[in-house]
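S.K.: Below you'll find run39.cif; it's mmCIF, C-alpha atoms.
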data_coords
loop_
_atom_site.group_PDB
_atom_site.id
_atom_site.type_symbol
_atom_site.label_atom_id
_atom_site.label_comp_id
_atom_site.auth_asym_id
_atom_site.auth_seq_id
_atom_site.Cartn_x
_atom_site.Cartn_y
_atom_site.Cartn_z
ATOM 1 C CA MET A 1 16.615 -47.256 23.914
ATOM 2 C CA GLY A 2 16.330 -47.854 27.619
ATOM 3 C CA ARG A 3 14.788 -50.934 29.117
ATOM 4 C CA GLU A 4 11.741 -49.097 30.423
ATOM 5 C CA ILE A 5 8.748 -49.467 28.097
ATOM 6 C CA THR A 6 7.027 -46.116 27.659
ATOM 7 C CA ARG A 7 3.364 -45.619 26.817
ATOM 8 C CA ARG A 8 4.309 -44.372 23.339
ATOM 9 C CA GLN A 9 6.403 -47.486 22.664
ATOM 10 C CA LEU A 10 3.463 -49.654 23.701
ATOM 11 C CA LEU A 11 1.159 -47.785 21.325
ATOM 12 C CA VAL A 12 3.630 -48.012 18.450
ATOM 13 C CA THR A 13 4.280 -51.701 19.050
ATOM 14 C CA GLY A 14 0.546 -52.347 19.174
ATOM 15 C CA ALA A 15 0.028 -50.551 15.884
ATOM 16 C CA ALA A 16 2.858 -52.518 14.300
ATOM 17 C CA VAL A 17 1.366 -55.911 15.140
ATOM 18 C CA ALA A 18 -2.300 -54.989 14.583
ATOM 19 C CA GLY A 19 -2.169 -55.659 10.883
ATOM 20 C CA THR A 20 0.092 -55.893 7.872
ATOM 21 C CA ALA A 21 -0.313 -55.193 4.169
ATOM 22 C CA ALA A 22 2.309 -57.778 3.232
ATOM 23 C CA GLN A 23 4.057 -60.819 4.674
ATOM 24 C CA ALA A 24 4.527 -61.127 8.446
ATOM 25 C CA PRO A 25 7.158 -58.590 9.549
ATOM 26 C CA LEU A 26 10.554 -59.657 10.775
ATOM 27 C CA SER A 27 10.688 -59.750 14.568
ATOM 28 C CA SER A 28 12.731 -57.065 16.299
ATOM 29 C CA ALA A 29 15.063 -59.713 17.669
ATOM 30 C CA ALA A 30 15.722 -61.124 14.219
ATOM 31 C CA ALA A 31 16.139 -57.667 12.708
ATOM 32 C CA ALA A 32 18.683 -56.792 15.383
ATOM 33 C CA THR A 33 20.951 -59.560 14.171
ATOM 34 C CA ALA A 34 21.283 -57.622 10.920
ATOM 35 C CA ARG A 35 22.117 -54.363 12.728
ATOM 36 C CA PRO A 36 24.072 -52.101 10.334
ATOM 37 C CA ALA A 37 27.465 -50.777 11.300
ATOM 38 C CA GLY A 38 27.620 -47.330 12.811
ATOM 39 C CA THR A 39 24.313 -47.336 14.689
ATOM 40 C CA ALA A 40 24.599 -44.396 17.037
ATOM 41 C CA ALA A 41 24.124 -44.670 20.794
ATOM 42 C CA VAL A 42 21.977 -41.525 20.829
ATOM 43 C CA GLN A 43 19.467 -41.845 18.039
ATOM 44 C CA PRO A 44 16.738 -39.668 16.577
ATOM 45 C CA THR A 45 13.100 -40.687 16.598
ATOM 46 C CA ILE A 46 11.983 -41.998 13.214
ATOM 47 C CA VAL A 47 8.578 -40.746 12.038
ATOM 48 C CA LEU A 48 7.067 -42.620 9.072
ATOM 49 C CA VAL A 49 4.240 -41.037 7.054
ATOM 50 C CA HIS A 50 2.250 -43.157 4.598
ATOM 51 C CA GLY A 51 0.634 -42.015 1.370
ATOM 52 C CA GLY A 52 -2.659 -42.679 -0.391
ATOM 53 C CA TYR A 53 -4.243 -46.130 -0.741
ATOM 54 C CA ALA A 54 -2.401 -47.190 2.420
ATOM 55 C CA ASP A 55 -2.350 -46.869 6.180
ATOM 56 C CA SER A 56 0.385 -47.040 8.803
ATOM 57 C CA SER A 57 0.571 -50.836 8.578
ATOM 58 C CA CYS A 58 2.354 -50.489 5.239
ATOM 59 C CA TRP A 59 5.480 -49.690 7.289
ATOM 60 C CA ASN A 60 5.312 -52.860 9.420
ATOM 61 C CA GLN A 61 8.291 -54.660 7.899
ATOM 62 C CA THR A 62 10.476 -51.546 7.759
ATOM 63 C CA LEU A 63 9.399 -50.773 11.323
ATOM 64 C CA SER A 64 10.644 -54.166 12.487
ATOM 65 C CA TYR A 65 14.153 -53.479 11.189
ATOM 66 C CA LEU A 66 14.286 -49.993 12.672
ATOM 67 C CA GLN A 67 13.014 -51.098 16.079
ATOM 68 C CA GLY A 68 15.386 -54.043 16.002
ATOM 69 C CA TRP A 69 18.238 -51.581 15.492
ATOM 70 C CA GLY A 70 17.126 -49.607 18.527
ATOM 71 C CA TYR A 71 15.224 -46.722 16.975
ATOM 72 C CA THR A 72 12.138 -45.258 18.584
ATOM 73 C CA THR A 73 9.748 -45.237 15.649
ATOM 74 C CA ILE A 74 6.311 -43.671 15.197
ATOM 75 C CA CYS A 75 3.977 -44.249 12.249
ATOM 76 C CA GLY A 76 1.997 -41.065 11.696
ATOM 77 C CA ALA A 77 -1.632 -41.508 10.619
ATOM 78 C CA ASN A 78 -1.885 -39.318 7.534
ATOM 79 C CA PRO A 79 -5.497 -38.035 7.189
ATOM 80 C CA LEU A 80 -5.183 -37.948 3.361
ATOM 81 C CA ARG A 81 -7.484 -34.931 3.062
ATOM 82 C CA GLY A 82 -4.932 -32.642 1.408
ATOM 83 C CA ILE A 83 -2.186 -30.246 2.513
ATOM 84 C CA PRO A 84 -4.407 -27.886 4.587
ATOM 85 C CA THR A 85 -5.425 -30.793 6.847
ATOM 86 C CA ASP A 86 -2.593 -33.302 6.559
ATOM 87 C CA ALA A 87 0.408 -30.999 7.053
ATOM 88 C CA PRO A 88 -0.789 -29.327 10.298
ATOM 89 C CA TYR A 89 -1.714 -32.727 11.710
ATOM 90 C CA ILE A 90 1.724 -34.222 11.095
ATOM 91 C CA ALA A 91 3.340 -30.949 12.246
ATOM 92 C CA SER A 92 1.551 -31.317 15.583
ATOM 93 C CA LEU A 93 2.934 -34.832 15.891
ATOM 94 C CA LEU A 94 6.449 -33.469 15.321
ATOM 95 C CA ASP A 95 5.870 -30.864 18.033
ATOM 96 C CA SER A 96 5.069 -33.636 20.520
ATOM 97 C CA ILE A 97 8.470 -35.324 20.112
ATOM 98 C CA ALA A 98 11.395 -34.338 22.306
ATOM 99 C CA GLY A 99 14.752 -34.553 20.566
ATOM 100 C CA PRO A 100 15.811 -34.955 16.939
ATOM 101 C CA VAL A 101 13.566 -36.498 14.290
ATOM 102 C CA VAL A 102 14.177 -38.207 10.966
ATOM 103 C CA LEU A 103 10.985 -37.685 8.981
ATOM 104 C CA VAL A 104 10.100 -40.192 6.257
ATOM 105 C CA GLY A 105 7.392 -39.894 3.609
ATOM 106 C CA HIS A 106 6.133 -42.360 1.022
ATOM 107 C CA SER A 107 4.275 -41.226 -2.090
ATOM 108 C CA MET A 108 1.808 -38.473 -1.098
ATOM 109 C CA GLY A 109 3.360 -38.611 2.354
ATOM 110 C CA GLY A 110 6.320 -36.851 0.752
ATOM 111 C CA THR A 111 4.152 -33.810 0.062
ATOM 112 C CA VAL A 112 2.900 -33.862 3.640
ATOM 113 C CA VAL A 113 6.348 -34.037 5.250
ATOM 114 C CA THR A 114 7.666 -31.351 2.884
ATOM 115 C CA ASN A 115 5.054 -28.958 4.229
ATOM 116 C CA ALA A 116 4.857 -30.206 7.829
ATOM 117 C CA ALA A 117 8.607 -30.038 8.567
ATOM 118 C CA ALA A 118 8.986 -26.388 7.593
ATOM 119 C CA GLY A 119 10.225 -24.418 10.584
ATOM 120 C CA LYS A 120 10.636 -27.528 12.750
ATOM 121 C CA SER A 121 14.131 -27.312 14.223
ATOM 122 C CA ASN A 122 13.947 -30.857 15.598
ATOM 123 C CA VAL A 123 13.610 -32.408 12.097
ATOM 124 C CA LYS A 124 17.179 -33.221 11.089
ATOM 125 C CA ALA A 125 16.605 -35.234 7.908
ATOM 126 C CA LEU A 126 13.903 -35.871 5.327
ATOM 127 C CA VAL A 127 13.744 -39.286 3.644
ATOM 128 C CA TYR A 128 11.585 -39.697 0.553
ATOM 129 C CA ILE A 129 10.537 -43.222 -0.449
ATOM 130 C CA ALA A 130 9.168 -43.148 -4.028
ATOM 131 C CA ALA A 131 7.657 -39.840 -3.005
ATOM 132 C CA PHE A 132 6.596 -36.411 -4.134
ATOM 133 C CA VAL A 133 9.047 -33.617 -3.255
ATOM 134 C CA PRO A 134 7.172 -30.437 -4.210
ATOM 135 C CA ASP A 135 8.412 -26.864 -4.127
ATOM 136 C CA VAL A 136 6.362 -23.884 -3.000
ATOM 137 C CA GLY A 137 3.403 -23.323 -5.323
ATOM 138 C CA GLU A 138 3.558 -26.764 -6.936
ATOM 139 C CA THR A 139 0.775 -29.328 -6.799
ATOM 140 C CA GLN A 140 0.967 -33.100 -6.949
ATOM 141 C CA ALA A 141 -0.866 -32.900 -10.279
ATOM 142 C CA ASP A 142 1.979 -30.775 -11.639
ATOM 143 C CA LEU A 143 4.580 -33.309 -10.570
ATOM 144 C CA ILE A 144 2.858 -36.567 -11.524
ATOM 145 C CA ASN A 145 2.302 -35.202 -15.037
ATOM 146 C CA LYS A 146 5.840 -33.890 -15.486
ATOM 147 C CA TYR A 147 6.990 -37.232 -16.931
ATOM 148 C CA PRO A 148 4.951 -40.003 -18.605
ATOM 149 C CA GLY A 149 4.397 -43.374 -17.005
ATOM 150 C CA SER A 150 1.825 -43.052 -14.217
ATOM 151 C CA GLU A 151 -0.906 -45.697 -14.488
ATOM 152 C CA VAL A 152 -2.856 -45.231 -11.255
ATOM 153 C CA LEU A 153 -5.647 -42.963 -12.496
ATOM 154 C CA PRO A 154 -7.436 -45.724 -14.467
ATOM 155 C CA VAL A 155 -7.461 -47.966 -11.364
ATOM 156 C CA SER A 156 -8.667 -45.199 -9.017
ATOM 157 C CA VAL A 157 -12.352 -45.479 -8.153
ATOM 158 C CA PRO A 158 -14.109 -42.186 -7.263
ATOM 159 C CA VAL A 159 -16.538 -42.392 -4.351
ATOM 160 C CA PRO A 160 -18.499 -39.342 -3.130
ATOM 161 C CA TYR A 161 -18.467 -38.549 0.581
ATOM 162 C CA THR A 162 -19.937 -35.861 2.816
ATOM 163 C CA LYS A 163 -17.452 -33.410 4.311
ATOM 164 C CA ALA A 164 -17.765 -31.903 7.780
ATOM 165 C CA ASP A 165 -19.234 -28.692 6.337
ATOM 166 C CA GLY A 166 -21.937 -30.629 4.499
ATOM 167 C CA THR A 167 -20.441 -30.285 1.030
ATOM 168 C CA THR A 168 -19.676 -33.297 -1.128
ATOM 169 C CA GLY A 169 -16.112 -34.412 -1.734
ATOM 170 C CA THR A 170 -14.632 -37.237 -3.764
ATOM 171 C CA ASP A 171 -12.489 -39.997 -2.310
ATOM 172 C CA LEU A 172 -10.278 -42.055 -4.587
ATOM 173 C CA HIS A 173 -10.001 -45.773 -3.781
ATOM 174 C CA LEU A 174 -7.548 -48.241 -5.292
ATOM 175 C CA SER A 175 -9.566 -50.814 -7.224
ATOM 176 C CA GLN A 176 -9.244 -54.582 -6.980
ATOM 177 C CA ASP A 177 -7.465 -54.417 -10.350
ATOM 178 C CA GLY A 178 -4.843 -51.974 -9.112
ATOM 179 C CA GLN A 179 -1.951 -54.256 -8.203
ATOM 180 C CA ALA A 180 -0.002 -53.905 -11.453
ATOM 181 C CA ALA A 181 -0.104 -50.129 -11.232
ATOM 182 C CA PHE A 182 0.595 -49.801 -7.511
ATOM 183 C CA CYS A 183 2.502 -52.735 -6.075
ATOM 184 C CA ALA A 184 3.226 -55.360 -8.727
ATOM 185 C CA ASP A 185 6.101 -56.945 -6.804
ATOM 186 C CA ILE A 186 4.214 -58.161 -3.737
ATOM 187 C CA SER A 187 2.109 -61.308 -3.531
ATOM 188 C CA LYS A 188 -1.537 -61.347 -4.563
ATOM 189 C CA GLY A 189 -2.535 -62.102 -0.992
ATOM 190 C CA ALA A 190 -0.534 -59.160 0.329
ATOM 191 C CA PHE A 191 -2.158 -56.896 -2.256
ATOM 192 C CA GLN A 192 -5.627 -58.091 -1.264
ATOM 193 C CA LEU A 193 -4.872 -57.133 2.340
ATOM 194 C CA LEU A 194 -3.594 -53.715 1.274
ATOM 195 C CA GLN A 195 -6.571 -53.074 -0.972
ATOM 196 C CA ALA A 196 -9.047 -54.090 1.725
ATOM 197 C CA THR A 197 -7.435 -51.997 4.489
ATOM 198 C CA GLN A 198 -6.542 -48.941 2.393
ATOM 199 C CA ARG A 199 -7.331 -45.379 3.374
ATOM 200 C CA PRO A 200 -8.625 -43.540 0.301
ATOM 201 C CA PHE A 201 -7.503 -39.987 -0.348
ATOM 202 C CA ASP A 202 -9.469 -36.877 -1.243
ATOM 203 C CA ALA A 203 -9.140 -36.166 -4.959
ATOM 204 C CA ASP A 204 -8.520 -32.498 -4.118
ATOM 205 C CA SER A 205 -5.174 -33.576 -2.644
ATOM 206 C CA PHE A 206 -3.780 -33.242 -6.155
ATOM 207 C CA ILE A 207 -4.726 -29.585 -6.565
ATOM 208 C CA TYR A 208 -3.584 -28.010 -3.271
ATOM 209 C CA PRO A 209 -0.384 -26.003 -3.818
ATOM 210 C CA THR A 210 2.557 -26.560 -1.509
ATOM 211 C CA THR A 211 2.922 -23.693 0.940
ATOM 212 C CA ALA A 212 6.376 -24.476 2.370
ATOM 213 C CA ALA A 213 9.252 -26.681 1.203
ATOM 214 C CA ALA A 214 11.327 -27.899 4.135
ATOM 215 C CA TRP A 215 13.916 -29.532 1.859
ATOM 216 C CA HIS A 216 15.406 -26.104 1.178
ATOM 217 C CA THR A 217 16.863 -26.150 4.702
ATOM 218 C CA ILE A 218 16.762 -29.824 5.825
ATOM 219 C CA PRO A 219 19.031 -32.514 4.272
ATOM 220 C CA VAL A 220 17.324 -35.026 1.990
ATOM 221 C CA TRP A 221 17.726 -38.734 1.214
ATOM 222 C CA GLY A 222 15.693 -40.442 -1.517
ATOM 223 C CA LEU A 223 14.734 -43.838 -2.900
ATOM 224 C CA VAL A 224 13.780 -44.301 -6.558
ATOM 225 C CA ALA A 225 11.494 -47.248 -7.302
ATOM 226 C CA GLY A 226 12.655 -48.350 -10.744
ATOM 227 C CA GLN A 227 9.360 -50.018 -11.734
ATOM 228 C CA ASP A 228 7.121 -47.347 -10.207
ATOM 229 C CA LYS A 229 3.861 -46.945 -12.143
ATOM 230 C CA ALA A 230 2.320 -44.468 -9.726
ATOM 231 C CA ILE A 231 4.969 -41.719 -9.620
ATOM 232 C CA PRO A 232 7.241 -42.128 -12.667
ATOM 233 C CA PRO A 233 10.852 -42.953 -11.684
ATOM 234 C CA ALA A 234 12.065 -40.067 -13.847
ATOM 235 C CA ALA A 235 9.999 -37.677 -11.752
ATOM 236 C CA GLU A 236 11.459 -39.092 -8.544
ATOM 237 C CA ARG A 237 15.010 -38.670 -9.849
ATOM 238 C CA TRP A 238 14.297 -35.126 -10.929
ATOM 239 C CA MET A 239 12.726 -34.124 -7.624
ATOM 240 C CA TYR A 240 15.530 -35.653 -5.551
ATOM 241 C CA SER A 241 18.144 -33.962 -7.710
ATOM 242 C CA ARG A 242 16.434 -30.603 -7.342
ATOM 243 C CA ALA A 243 16.358 -31.085 -3.567
ATOM 244 C CA ASN A 244 20.137 -31.740 -3.566
ATOM 245 C CA ALA A 245 19.685 -35.135 -1.952
ATOM 246 C CA GLN A 246 22.629 -36.332 0.133
ATOM 247 C CA LYS A 247 22.120 -39.826 -1.244
ATOM 248 C CA VAL A 248 19.739 -41.449 -3.717
ATOM 249 C CA VAL A 249 19.241 -45.218 -3.769
ATOM 250 C CA GLU A 250 17.748 -46.829 -6.857
ATOM 251 C CA VAL A 251 15.923 -50.149 -6.583
ATOM 252 C CA PRO A 252 15.498 -51.205 -10.226
ATOM 253 C CA THR A 253 12.932 -53.945 -9.566
ATOM 254 C CA SER A 254 10.779 -52.081 -7.056
ATOM 255 C CA SER A 255 7.174 -51.067 -7.540
ATOM 256 C CA HIS A 256 5.787 -47.922 -5.931
ATOM 257 C CA CYS A 257 5.495 -49.720 -2.583
ATOM 258 C CA ALA A 258 9.192 -50.243 -1.865
ATOM 259 C CA MET A 259 8.604 -50.429 1.903
ATOM 260 C CA LEU A 260 6.557 -53.600 1.286
ATOM 261 C CA SER A 261 8.739 -55.334 -1.287
ATOM 262 C CA HIS A 262 12.184 -54.078 -0.171
ATOM 263 C CA PRO A 263 11.810 -53.184 3.516
ATOM 264 C CA GLN A 264 15.453 -53.705 4.488
ATOM 265 C CA ILE A 265 16.703 -51.391 1.728
ATOM 266 C CA VAL A 266 14.225 -48.767 2.898
ATOM 267 C CA ALA A 267 15.286 -49.228 6.521
ATOM 268 C CA ASP A 268 18.974 -49.033 5.590
ATOM 269 C CA LEU A 269 18.439 -45.700 3.828
ATOM 270 C CA ILE A 270 16.602 -44.320 6.840
ATOM 271 C CA HIS A 271 19.411 -45.556 9.068
ATOM 272 C CA GLN A 272 21.969 -43.757 6.911
ATOM 273 C CA ALA A 273 20.016 -40.530 7.247
ATOM 274 C CA ALA A 274 19.735 -41.014 11.009
ATOM 275 C CA LYS A 275 23.458 -41.741 11.344
ATOM 276 C CA ALA A 276 24.284 -38.567 9.419
ATOM 277 C CA THR A 277 22.294 -36.484 11.893
ATOM 278 C CA SER A 278 24.145 -37.784 14.960
#
Take the structure in the file and give it back as structure tokens.

M.R.:
Amino acid sequence: MGREITRRQLLVTGAAVAGTAAQAPLSSAAAATARPAGTAAVQPTIVLVHGGYADSSCWNQTLSYLQGWGYTTICGANPLRGIPTDAPYIASLLDSIAGPVVLVGHSMGGTVVTNAAAGKSNVKALVYIAAFVPDVGETQADLINKYPGSEVLPVSVPVPYTKADGTTGTDLHLSQDGQAAFCADISKGAFQLLQATQRPFDADSFIYPTTAAAWHTIPVWGLVAGQDKAIPPAAERWMYSRANAQKVVEVPTSSHCAMLSHPQIVADLIHQAAKATS
């Protein structure tokens, strides 16, 4: 990146330091000392999309590595209302970016990027971090039930809310007892921050069918969280295999929230995808 600080960089940096759902992120200067080999001079913009029970701050530690390596990085604010709302919103963010993009989704963010990237010629790679990778017509309910092992439903608290049209919807919140099912490998204090700052998701998110699957035309990279109790690891492996992933990294000890417990591994995978697009 150039030396001039743009308005977007100021906004992204502000968002990165505003809050964190885990330990204090590595500074960009410190991350730069661990710069991986082969970092390209001309780099794509990295767009990170969070999933349910989270907000953009869940990427803080991964963001520090990527910015330290010179990547312009944007954390998209996923509305978590379901495909009809979430995908067009993230698609509009992609339209605002000049130049190539590496688009990253965690968990339900994987469904959003799968739909949002369809037809976007500037998206050069899709990176799935313990994420859903649906095909056209599939729902998240279909995929999370394909293999046994998900434990998040019992720790999801339904809360009614009023939609814009006056009808009643149901938000799902991660309960205070949800650490073992969602992010067992971070500290209790980090979990308490995540649980307090979470963005709940509309329960209908699980029943909206995917309308477009960008992975049919855009190269894929994937990370399997070996101790994932939200999306079963077997489901992640199966989805990445079906999408003909260029590379799949397995982190045997990781919970669902790999970007919190293993941020450098996540950043390295994103870097590999970015390098392959150069």

S.K.: With only C-alpha atoms as the counted atoms, please give the residues lying no more than 10 Å from Val248 (chain A), apart from itself and same-chain residues fewer than 2 positions off, as a list in words.

M.R.: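 After dropping sequence-adjacent residues, the list is Val127, Tyr128, Ile129, Val220, Trp221, Gly222, Leu223, Val224, Glu236, Arg237, Tyr240, Ser241, Asn244, Ala245, Gln246, Glu250, Val251 and Leu269 of chain A.
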
S.K.: For a cut-off of 6 Å around (1.3, -33.3, 7.5), file coordinates, pick out all residues using all atoms listed in the file and list them as number ranges by chain.

M.R.: A: 86-91, 112-113, 116

S.K.: Between A:Arg199, A:Arg81, A:His216, A:His271, which is the closest to Val136 (chain A) once you count all atoms listed in the file?

M.R.: A:His216

S.K.: Which value, in Å to one decimal, gives the distance between CA of Val104 (chain A) and CA of Gly82 (chain A)?

M.R.: 17.5 Å

S.K.: Determine the nearest neighbour of Pro79 (chain A) from the options A:Thr217, A:Ser205, A:Ser261, A:Gln176, counting all atoms listed in the file.

M.R.: A:Ser205

S.K.: Could you check how far CA of Gly226 (chain A) sits from CA of Trp238 (chain A), in Å to one decimal?

M.R.: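 Separating CA of Gly226 (chain A) from CA of Trp238 (chain A) is a distance of 13.3 Å.
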
S.K.: Could you expand the PyMOL selection byres ((chain A and resi 189-195) around 12) into the explicit residues it covers here, written as a count of residues only?

M.R.: 41

S.K.: Quick one: of A:Thr72, A:Ser278, A:Gln272, A:Ser92, who's nearest to Val249 (chain A), counting only C-alpha atoms?

M.R.: A:Gln272

S.K.: Taking into account all atoms listed in the file, which residue in the set A:Met259, A:Ile74, A:Ala234, A:Leu63 is nearest to Gly51 (chain A)?

M.R.: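 Distance minimum relative to Gly51 (chain A) lands on A:Met259.
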
S.K.: Starting from the sparse input, extend region 51-63 of chain A to N, CA, C and O atoms and give the output as a short mmCIF file (atom, residue, chain, number, x, y, z; two decimals), in the coordinates of the input.

M.R.:
data_model
loop_
_atom_site.label_atom_id
_atom_site.label_comp_id
_atom_site.auth_asym_id
_atom_site.auth_seq_id
_atom_site.Cartn_x
_atom_site.Cartn_y
_atom_site.Cartn_z
N GLY A 51 1.33 -42.76 2.40
CA GLY A 51 0.63 -42.02 1.37
C GLY A 51 -0.76 -42.55 1.12
O GLY A 51 -1.34 -43.24 1.97
N GLY A 52 -1.32 -42.25 -0.05
CA GLY A 52 -2.66 -42.68 -0.39
C GLY A 52 -2.74 -44.16 -0.66
O GLY A 52 -1.75 -44.82 -0.97
N TYR A 53 -3.96 -44.71 -0.55
CA TYR A 53 -4.24 -46.13 -0.74
C TYR A 53 -3.53 -47.01 0.29
O TYR A 53 -3.28 -48.19 0.05
N ALA A 54 -3.17 -46.43 1.41
CA ALA A 54 -2.40 -47.19 2.42
C ALA A 54 -2.80 -46.71 3.81
O ALA A 54 -3.57 -45.77 3.97
N ASP A 55 -2.27 -47.36 4.81
CA ASP A 55 -2.35 -46.87 6.18
C ASP A 55 -1.01 -47.16 6.84
O ASP A 55 -0.05 -47.58 6.19
N SER A 56 -0.91 -46.91 8.14
CA SER A 56 0.38 -47.04 8.80
C SER A 56 0.94 -48.45 8.78
O SER A 56 2.16 -48.65 8.92
N SER A 57 0.07 -49.45 8.59
CA SER A 57 0.57 -50.84 8.58
C SER A 57 1.48 -51.12 7.39
O SER A 57 2.20 -52.12 7.40
N CYS A 58 1.46 -50.25 6.37
CA CYS A 58 2.35 -50.49 5.24
C CYS A 58 3.82 -50.42 5.65
O CYS A 58 4.70 -50.90 4.92
N TRP A 59 4.10 -49.82 6.81
CA TRP A 59 5.48 -49.69 7.29
C TRP A 59 5.91 -50.86 8.18
O TRP A 59 7.04 -50.87 8.69
N ASN A 60 5.04 -51.84 8.40
CA ASN A 60 5.31 -52.86 9.42
C ASN A 60 6.68 -53.53 9.28
O ASN A 60 7.40 -53.71 10.26
N GLN A 61 7.03 -53.94 8.07
CA GLN A 61 8.29 -54.66 7.90
C GLN A 61 9.50 -53.73 8.09
O GLN A 61 10.48 -54.10 8.74
N THR A 62 9.41 -52.53 7.55
CA THR A 62 10.48 -51.55 7.76
C THR A 62 10.58 -51.21 9.24
O THR A 62 11.69 -51.08 9.79
N LEU A 63 9.44 -51.07 9.89
CA LEU A 63 9.40 -50.77 11.32
C LEU A 63 10.13 -51.83 12.14
O LEU A 63 10.86 -51.51 13.09
#
